[in-house]
Amino acid sequence: MEIESFTDYREYLRTAFEARKRANPRFSFRGFSLLVGFKSPNYLQMILDGQRNLTPETAADMVLKLKLSAPEGGYFVALVQLAAAKSEAEKVEAERARLVALKKIVSRDIPAAKKEIFTRWYHLLVRELFLLKDARADAQWIVDRLGGTITLEEAARSIEILCKSGFLEATAGSYKLTEPVLDTDDSQLQAAFMRKFHSETLKVWSQRLDQLPLREQELGVLNIPISSGKIPELKARIRRFQDEIIGWVQDEQEADRVVQLGTYLIAFPTSREGQED
């Protein structure tokens, strides 16, 4: 039972009980109430009927009793907060927390052996093309969908690398993604080949800006005066934004385009660092 398929915590609890009941017909609602931390099954029934609400604190305790993972627990608590939200600001914050938790649930860390896909800027972009409705196992189709930014040979090689790395799997007439979302840890992001990857991506962007309609671009640069001690927090906020976007598009069923959204933080040296140089 995948918690990320639920948008109502009450429905999740009902399904959790029913699953245990099917596995053991002798399992009672009273037993389930005790399992999740309620001595009175009547009170739990009132919660399921919408007559009472779970508090975030009670939800956090219930997460432990249901033995949910940290990402799953975060998702459950976010659903509870969303149901109890009264103001628009509370709803927005709860929905943001839900999307961030969703991203963590569906993500997979990239093993070191699979890092070859980062050797060129377009491999992961080619991978995402196979989520489109009209996807075809055809190198020319890939070249056309990427606006001629790569060659036929590069497109064919990209498919080969993605399949060998385990990120694509051949199907009848096309390919399918074997993992829904990819993620990388901090140590991987600091590697030299990752810097090369982003450098290539930015170079391609700079060559495409004049060719794209303004309605299909969103260009913005923030120049932020900030203390050095706050830079780690700023990086964390950027990652939360990325998590929210990924969670937001996770259920997309009608994709007909692939876009790249880049977030870059460039810290200029302090006056002291400048003097040392």
# chains A, B, ... in the order shown; residues from 1 in each chain; ligands from 1
>>> select_by_dssp(residues="range 65-185 of chain A", states="alpha helix (DSSP H)", output="number ranges by chain")
A: 65, 70-84, 88-106, 123-129, 139-145, 152-165
>>> residues_around(residues="Ala101 in chain A", least_positions_apart="2", cutoff="9 Å", atoms="only C-alpha atoms", output="list in words")
Glu4, Ala70, Pro71, Glu72, Gly73, Gly74, Tyr75, Phe76, Ala78, Arg96, Ala97, Arg98, Leu99, Lys103, Lys104, Ile105, Val106, Asp243, Glu244 and Gly247 of chain A
>>> atom_distance(atom1="CA of Thr263 in chain A", atom2="CA of Arg237 in chain A")
11.3 Å
>>> residues_around(residues="Glu95 in chain A", least_positions_apart="5", cutoff="9 Å", atoms="only C-alpha atoms", output="JSON, numbers by chain")
{"A": [78, 79, 81, 82, 90, 100, 244]}
>>> residues_around(residues="range 140-146 of chain A", least_positions_apart="5", cutoff="8 Å", atoms="only C-alpha atoms", output="JSON, numbers by chain")
{"A": [126, 129, 151, 152, 155]}
>>> residues_around(residues="Leu54 in chain A", least_positions_apart="3", cutoff="10 Å", atoms="only C-alpha atoms", output="ChimeraX atom specification")
/A:9-10,44,47-48,50,57-60,62,77,80-81,83-84
>>> closest_atom_pairs(of="range 58-113 of chain A", to="range 20-39 of chain A", cutoff="8 Å", atoms="only C-alpha atoms", output="CSV")
residue,atom,partner,partner_atom,distance
A:Asp61,CA,A:Gly37,CA,7.8
A:Met62,CA,A:Val36,CA,5.3
A:Lys65,CA,A:Val36,CA,5.6
A:Leu66,CA,A:Val36,CA,6.6
>>> residues_around(residues="Glu200 in chain A", least_positions_apart="3", cutoff="8 Å", atoms="only C-alpha atoms", output="PyMOL selection string")
chain A and resi 120-121+196-197+203-204
>>> atom_distance(atom1="CA of Lys67 in chain A", atom2="CA of Pro41 in chain A")
20.0 Å
>>> atom_distance(atom1="CA of Leu131 in chain A", atom2="CA of Glu254 in chain A")
9.1 Å
>>> select_by_dssp(residues="range 85-260 of chain A", states="strand (DSSP E or B)", output="list in words")
Ser107, Arg108, Asp109, Leu168, Glu169, Ala170, Thr171, Ser174, Tyr175, Lys176, Leu177, Val181, Leu182 and Asp183 of chain A
>>> residues_around(residues="Ser5 in chain A", least_positions_apart="6", cutoff="10 Å", atoms="only C-alpha atoms", output="number ranges by chain")
A: 12, 102, 251
>>> decode(residues="range 51-71 of chain A", atoms="N, CA and C atoms", output="PDB file, in the first residue's frame")
ATOM      1  N   GLN A  51     -15.426  13.897  12.086  1.00  0.00           N
ATOM      2  CA  GLN A  51     -15.980  14.637  13.221  1.00  0.00           C
ATOM      3  C   GLN A  51     -14.885  15.164  14.150  1.00  0.00           C
ATOM      4  N   ARG A  52     -13.705  14.597  14.056  1.00  0.00           N
ATOM      5  CA  ARG A  52     -12.543  15.044  14.812  1.00  0.00           C
ATOM      6  C   ARG A  52     -11.341  15.085  13.873  1.00  0.00           C
ATOM      7  N   ASN A  53     -10.341  15.867  14.240  1.00  0.00           N
ATOM      8  CA  ASN A  53      -9.125  15.953  13.438  1.00  0.00           C
ATOM      9  C   ASN A  53      -7.929  15.431  14.223  1.00  0.00           C
ATOM     10  N   LEU A  54      -7.001  14.825  13.504  1.00  0.00           N
ATOM     11  CA  LEU A  54      -5.717  14.492  14.113  1.00  0.00           C
ATOM     12  C   LEU A  54      -4.901  15.766  14.276  1.00  0.00           C
ATOM     13  N   THR A  55      -4.112  15.840  15.320  1.00  0.00           N
ATOM     14  CA  THR A  55      -3.160  16.943  15.458  1.00  0.00           C
ATOM     15  C   THR A  55      -1.834  16.489  14.844  1.00  0.00           C
ATOM     16  N   PRO A  56      -0.989  17.423  14.430  1.00  0.00           N
ATOM     17  CA  PRO A  56       0.328  17.037  13.897  1.00  0.00           C
ATOM     18  C   PRO A  56       1.122  16.199  14.887  1.00  0.00           C
ATOM     19  N   GLU A  57       0.985  16.504  16.188  1.00  0.00           N
ATOM     20  CA  GLU A  57       1.713  15.749  17.211  1.00  0.00           C
ATOM     21  C   GLU A  57       1.217  14.299  17.271  1.00  0.00           C
ATOM     22  N   THR A  58      -0.111  14.128  17.242  1.00  0.00           N
ATOM     23  CA  THR A  58      -0.677  12.779  17.259  1.00  0.00           C
ATOM     24  C   THR A  58      -0.311  12.034  15.973  1.00  0.00           C
ATOM     25  N   ALA A  59      -0.300  12.759  14.872  1.00  0.00           N
ATOM     26  CA  ALA A  59       0.060  12.153  13.585  1.00  0.00           C
ATOM     27  C   ALA A  59       1.501  11.663  13.604  1.00  0.00           C
ATOM     28  N   ALA A  60       2.404  12.463  14.191  1.00  0.00           N
ATOM     29  CA  ALA A  60       3.814  12.075  14.266  1.00  0.00           C
ATOM     30  C   ALA A  60       3.977  10.807  15.097  1.00  0.00           C
ATOM     31  N   ASP A  61       3.206  10.696  16.182  1.00  0.00           N
ATOM     32  CA  ASP A  61       3.254   9.493  17.011  1.00  0.00           C
ATOM     33  C   ASP A  61       2.686   8.298  16.252  1.00  0.00           C
ATOM     34  N   MET A  62       1.638   8.540  15.472  1.00  0.00           N
ATOM     35  CA  MET A  62       1.018   7.472  14.695  1.00  0.00           C
ATOM     36  C   MET A  62       1.977   6.946  13.624  1.00  0.00           C
ATOM     37  N   VAL A  63       2.800   7.841  13.065  1.00  0.00           N
ATOM     38  CA  VAL A  63       3.792   7.452  12.070  1.00  0.00           C
ATOM     39  C   VAL A  63       4.714   6.371  12.631  1.00  0.00           C
ATOM     40  N   LEU A  64       5.146   6.553  13.875  1.00  0.00           N
ATOM     41  CA  LEU A  64       6.033   5.578  14.517  1.00  0.00           C
ATOM     42  C   LEU A  64       5.323   4.250  14.723  1.00  0.00           C
ATOM     43  N   LYS A  65       4.060   4.310  15.144  1.00  0.00           N
ATOM     44  CA  LYS A  65       3.313   3.085  15.419  1.00  0.00           C
ATOM     45  C   LYS A  65       3.002   2.320  14.132  1.00  0.00           C
ATOM     46  N   LEU A  66       2.814   3.037  13.028  1.00  0.00           N
ATOM     47  CA  LEU A  66       2.560   2.387  11.741  1.00  0.00           C
ATOM     48  C   LEU A  66       3.848   1.978  11.042  1.00  0.00           C
ATOM     49  N   LYS A  67       4.992   2.348  11.647  1.00  0.00           N
ATOM     50  CA  LYS A  67       6.324   2.012  11.121  1.00  0.00           C
ATOM     51  C   LYS A  67       6.532   2.533   9.705  1.00  0.00           C
ATOM     52  N   LEU A  68       6.118   3.781   9.488  1.00  0.00           N
ATOM     53  CA  LEU A  68       6.352   4.425   8.198  1.00  0.00           C
ATOM     54  C   LEU A  68       7.784   4.937   8.142  1.00  0.00           C
ATOM     55  N   SER A  69       8.352   4.988   6.955  1.00  0.00           N
ATOM     56  CA  SER A  69       9.688   5.546   6.791  1.00  0.00           C
ATOM     57  C   SER A  69       9.628   7.053   7.024  1.00  0.00           C
ATOM     58  N   ALA A  70      10.790   7.682   7.152  1.00  0.00           N
ATOM     59  CA  ALA A  70      10.816   9.129   7.385  1.00  0.00           C
ATOM     60  C   ALA A  70      10.108   9.910   6.272  1.00  0.00           C
ATOM     61  N   PRO A  71      10.377   9.621   4.979  1.00  0.00           N
ATOM     62  CA  PRO A  71       9.644  10.334   3.919  1.00  0.00           C
ATOM     63  C   PRO A  71       8.141  10.054   3.952  1.00  0.00           C
TER      64      PRO A  71
END
